[in-house]
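Before any comments, here is the structure.
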Amino acid sequence: MQLRNVNVYQIGEYDHVEFGFEGKYLLNDYDAWVAEYTNPIGDTVPPLNMDAKVHSPRAGLFASFVTRPLSRLTTTFGLRYDYFRYNGQSHFSPRFSLSLSLSDRTSLNGATGIYYQSLPAGLLAQRRRNLDLADPVAYHYVLGVSHLLTESTRLTIDTYYKQYDNFPMDPYQPQLFVPDELVYRGFFGNYEYLQDNGEARSYGVELTLQKKLVEGFYGLVSFSWSKAEYLGLDGIWRDRVLDNRVIFGVEGGYKPNNKWEFSTRWIFAGGPPYTPLDLEMSQLTNRSVLDRARVNEERQPDYHSMNLRVDRRYNFSGSNLIVYFSVWNVYNRKNVYSYYWNEVEKKEDVIYQWSILPIIGLEFEF
């Protein structure tokens, strides 16, 4: 259940105040039992029995003041307040942004701010002492430039740096980063004791070239280079599991009329880091055991894939029907999903992502 309200009060020709509130009521019941399992580095984790209810409101107030102190400069001062009754956490988060028009086609943009994020309710509900964990906080710094190449094509370049504090960490797994556990096994495991002194950071540059729909054609080209890493409790900075470093994408299409649309999308991503198997321990136990001395030191092969799609639109009075045919991974690239220990063949093996996949679908708009 969620409610949001936004109001705008115009002060002058260029200045205005935006304010509002949002509220959400959580109704989460946890009645689950997780059997004993082996964590990513081979340690045995005892069973987890959860019987908890998270019935709690979460509320936020926000306001921003947009003003133009100079003819070419627009600034925004913002402040947000959040409260989550379940763990008693409340925060004030200031934000600031500016846009300086260098010419009719070029603008310089910057932003900074503090952002808080509540821990997942399923993690908080595991143990009462988890309610004492501090909420993770991020400090954002962004600077960029936007230039209109033509009336329909815009180039944007942004650089950023983000610092993260108060992440939950497990002292019994000092090499691992708890927030990335969802990538390892799809759920948060059983943590007997957590600390809230985890640190992480990310920085990079992003380029976007966007062409609006003109004469039937539209398109988007994007490129980003980034680095995301965390500080383990053993004092070592390591790459995060989704640190692809390089991502490049091209997508676009052609709409000859209001009935047909032809589109494509190709994406390339650098291989993400992973922890290789400890082959000796995996052979001994006949299960996947990661090498705790080489956490996130290897990288998977680069990923790339192309999708094609054709849409046929049928327009009715007050509604539309779209019939489409799409093919994912057209050239059938064998992209690696993960490596594991094959318990049947007793060797290291690989899981691949989707092979070529045709899709036929219907969309009804009204």
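Letters A, B, ... mark the chains of the structure tokens in the order given; residue numbers begin at 1 per chain; ligand numbers begin at 1, in order shown.
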**OP:** Name the residues of stretch 277-328 of chain A that fall into helix (DSSP H, G or I) according to DSSP on the backbone, using the chain letters and numbers of this document, as a VMD selection string.
**Re:** chain A and resid 279 to 285 292 to 294
**OP:** For A:Ile267, list every protein, DNA or RNA residue within 9 Å, evaluated using only C-alpha atoms, and leave out those in the same chain fewer than 6 positions away; present the list as an NGL selection string.
**Re:** :A and (247-251 or 303-306)
**OP:** Using only C-alpha atoms, find the one residue out of A:Leu357, A:Leu70, A:Val142, A:Ala134 that sits nearest to A:Tyr116.
**Re:**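 Of A:Leu357, A:Leu70, A:Val142, A:Ala134, the one nearest A:Tyr116, counting only C-alpha atoms, is A:Ala134.
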Subject >> Within 7 Å of A:Phe364 using only C-alpha atoms, minus same-chain residues under 4 positions, as an NGL selection string >> reply: :A and (320-322)
Give me a file of those residues, with N, CA and C atoms, as a PDB file, in the first residue's frame.
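And here's result.pdb as it stands now:
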ATOM      1  N   ASN A 320      -5.659  -0.025 -28.540  1.00  0.00           N
ATOM      2  CA  ASN A 320      -4.704  -0.475 -29.556  1.00  0.00           C
ATOM      3  C   ASN A 320      -4.297  -1.912 -29.263  1.00  0.00           C
ATOM      4  N   LEU A 321      -4.058  -2.664 -30.312  1.00  0.00           N
ATOM      5  CA  LEU A 321      -3.550  -4.019 -30.193  1.00  0.00           C
ATOM      6  C   LEU A 321      -2.215  -4.088 -30.936  1.00  0.00           C
ATOM      7  N   ILE A 322      -1.182  -4.580 -30.229  1.00  0.00           N
ATOM      8  CA  ILE A 322       0.146  -4.702 -30.824  1.00  0.00           C
ATOM      9  C   ILE A 322       0.512  -6.181 -30.878  1.00  0.00           C
TER      10      ILE A 322
END
Subject >> Surrounding residues of A:Phe65 excluding itself and chain neighbours under 5 positions, 10 Å, only C-alpha atoms, as JSON, numbers by chain >> reply: {"A": [8, 9, 11, 15, 16, 17, 18, 19, 75, 76, 77, 78, 79, 96]}
Hey, can you spit out that residue selection with N, CA and C atoms as a PDB file, in the first residue's frame?
ATOM      1  N   VAL A   8       3.320  21.898  -6.467  1.00  0.00           N
ATOM      2  CA  VAL A   8       4.218  22.912  -7.008  1.00  0.00           C
ATOM      3  C   VAL A   8       3.616  24.286  -6.738  1.00  0.00           C
ATOM      4  N   TYR A   9       4.448  25.161  -6.145  1.00  0.00           N
ATOM      5  CA  TYR A   9       4.008  26.533  -5.867  1.00  0.00           C
ATOM      6  C   TYR A   9       4.916  27.491  -6.628  1.00  0.00           C
ATOM      7  N   ILE A  11       6.581  30.869  -7.479  1.00  0.00           N
ATOM      8  CA  ILE A  11       6.890  32.102  -6.764  1.00  0.00           C
ATOM      9  C   ILE A  11       7.023  33.272  -7.734  1.00  0.00           C
ATOM     10  N   ASP A  15      11.138  30.988 -10.583  1.00  0.00           N
ATOM     11  CA  ASP A  15      11.342  30.310  -9.304  1.00  0.00           C
ATOM     12  C   ASP A  15      10.083  29.579  -8.860  1.00  0.00           C
ATOM     13  N   HIS A  16      10.257  28.405  -8.293  1.00  0.00           N
ATOM     14  CA  HIS A  16       9.122  27.680  -7.741  1.00  0.00           C
ATOM     15  C   HIS A  16       9.589  26.714  -6.656  1.00  0.00           C
ATOM     16  N   VAL A  17       8.661  26.296  -5.849  1.00  0.00           N
ATOM     17  CA  VAL A  17       8.913  25.332  -4.779  1.00  0.00           C
ATOM     18  C   VAL A  17       8.109  24.079  -5.069  1.00  0.00           C
ATOM     19  N   GLU A  18       8.763  22.944  -4.966  1.00  0.00           N
ATOM     20  CA  GLU A  18       8.078  21.658  -5.115  1.00  0.00           C
ATOM     21  C   GLU A  18       8.163  20.915  -3.787  1.00  0.00           C
ATOM     22  N   PHE A  19       7.038  20.428  -3.296  1.00  0.00           N
ATOM     23  CA  PHE A  19       7.036  19.751  -2.009  1.00  0.00           C
ATOM     24  C   PHE A  19       5.961  18.670  -1.999  1.00  0.00           C
ATOM     25  N   THR A  75      19.414  26.669 -10.356  1.00  0.00           N
ATOM     26  CA  THR A  75      19.861  25.865  -9.217  1.00  0.00           C
ATOM     27  C   THR A  75      18.651  25.255  -8.517  1.00  0.00           C
ATOM     28  N   THR A  76      18.900  24.092  -7.908  1.00  0.00           N
ATOM     29  CA  THR A  76      17.855  23.403  -7.153  1.00  0.00           C
ATOM     30  C   THR A  76      18.427  22.996  -5.792  1.00  0.00           C
ATOM     31  N   PHE A  77      17.789  23.469  -4.728  1.00  0.00           N
ATOM     32  CA  PHE A  77      18.151  23.079  -3.370  1.00  0.00           C
ATOM     33  C   PHE A  77      17.058  22.154  -2.843  1.00  0.00           C
ATOM     34  N   GLY A  78      17.443  20.965  -2.413  1.00  0.00           N
ATOM     35  CA  GLY A  78      16.447  20.002  -1.963  1.00  0.00           C
ATOM     36  C   GLY A  78      16.759  19.436  -0.594  1.00  0.00           C
ATOM     37  N   LEU A  79      15.722  18.991   0.080  1.00  0.00           N
ATOM     38  CA  LEU A  79      15.865  18.361   1.394  1.00  0.00           C
ATOM     39  C   LEU A  79      14.793  17.289   1.524  1.00  0.00           C
ATOM     40  N   PHE A  96      21.630  19.034  -3.914  1.00  0.00           N
ATOM     41  CA  PHE A  96      21.829  20.283  -4.643  1.00  0.00           C
ATOM     42  C   PHE A  96      22.196  19.967  -6.082  1.00  0.00           C
TER      43      PHE A  96
END
Subject >> Neighbour list for A:Glu229 as a PyMOL selection string, cut-off 8 Å, only C-alpha atoms, skip fewer than 3 positions in-chain >> reply: chain A and resi 200-202+237-240+243
**OP:** Using only C-alpha atoms, find the one residue out of A:Glu199, A:Glu13, A:Glu206, A:Glu151 that sits nearest to A:Arg105.
**Re:**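 For A:Arg105, the nearest of the candidates is A:Glu151.
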**OP:** Name all residues at most 10 Å from A:Glu280 (count only C-alpha atoms; drop same-chain ones fewer than 6 positions away) and give them as a ChimeraX atom specification.
**Re:** /A:286,289,291
Subject >> For stretch 337-347 of chain A: contacts at 7 Å, only C-alpha atoms, fewer than 4 positions along chain excluded, given as a VMD selection string >> reply: chain A and resid 282 to 283 286 to 288 351 to 353
**OP:** Just the strand (DSSP E) stuff from stretch 165-219 of chain A, please, per backbone DSSP, written as a list in words.
**Re:** Asp165, Asn166, Phe167, Pro168, Met169, Gln195, Asp196, Asn197, Gly198, Glu199, Ala200, Arg201, Ser202, Tyr203, Gly204, Val205, Glu206, Leu207, Thr208, Leu209, Gln210, Lys211, Lys212, Leu213, Val214, Phe217, Tyr218 and Gly219 of chain A
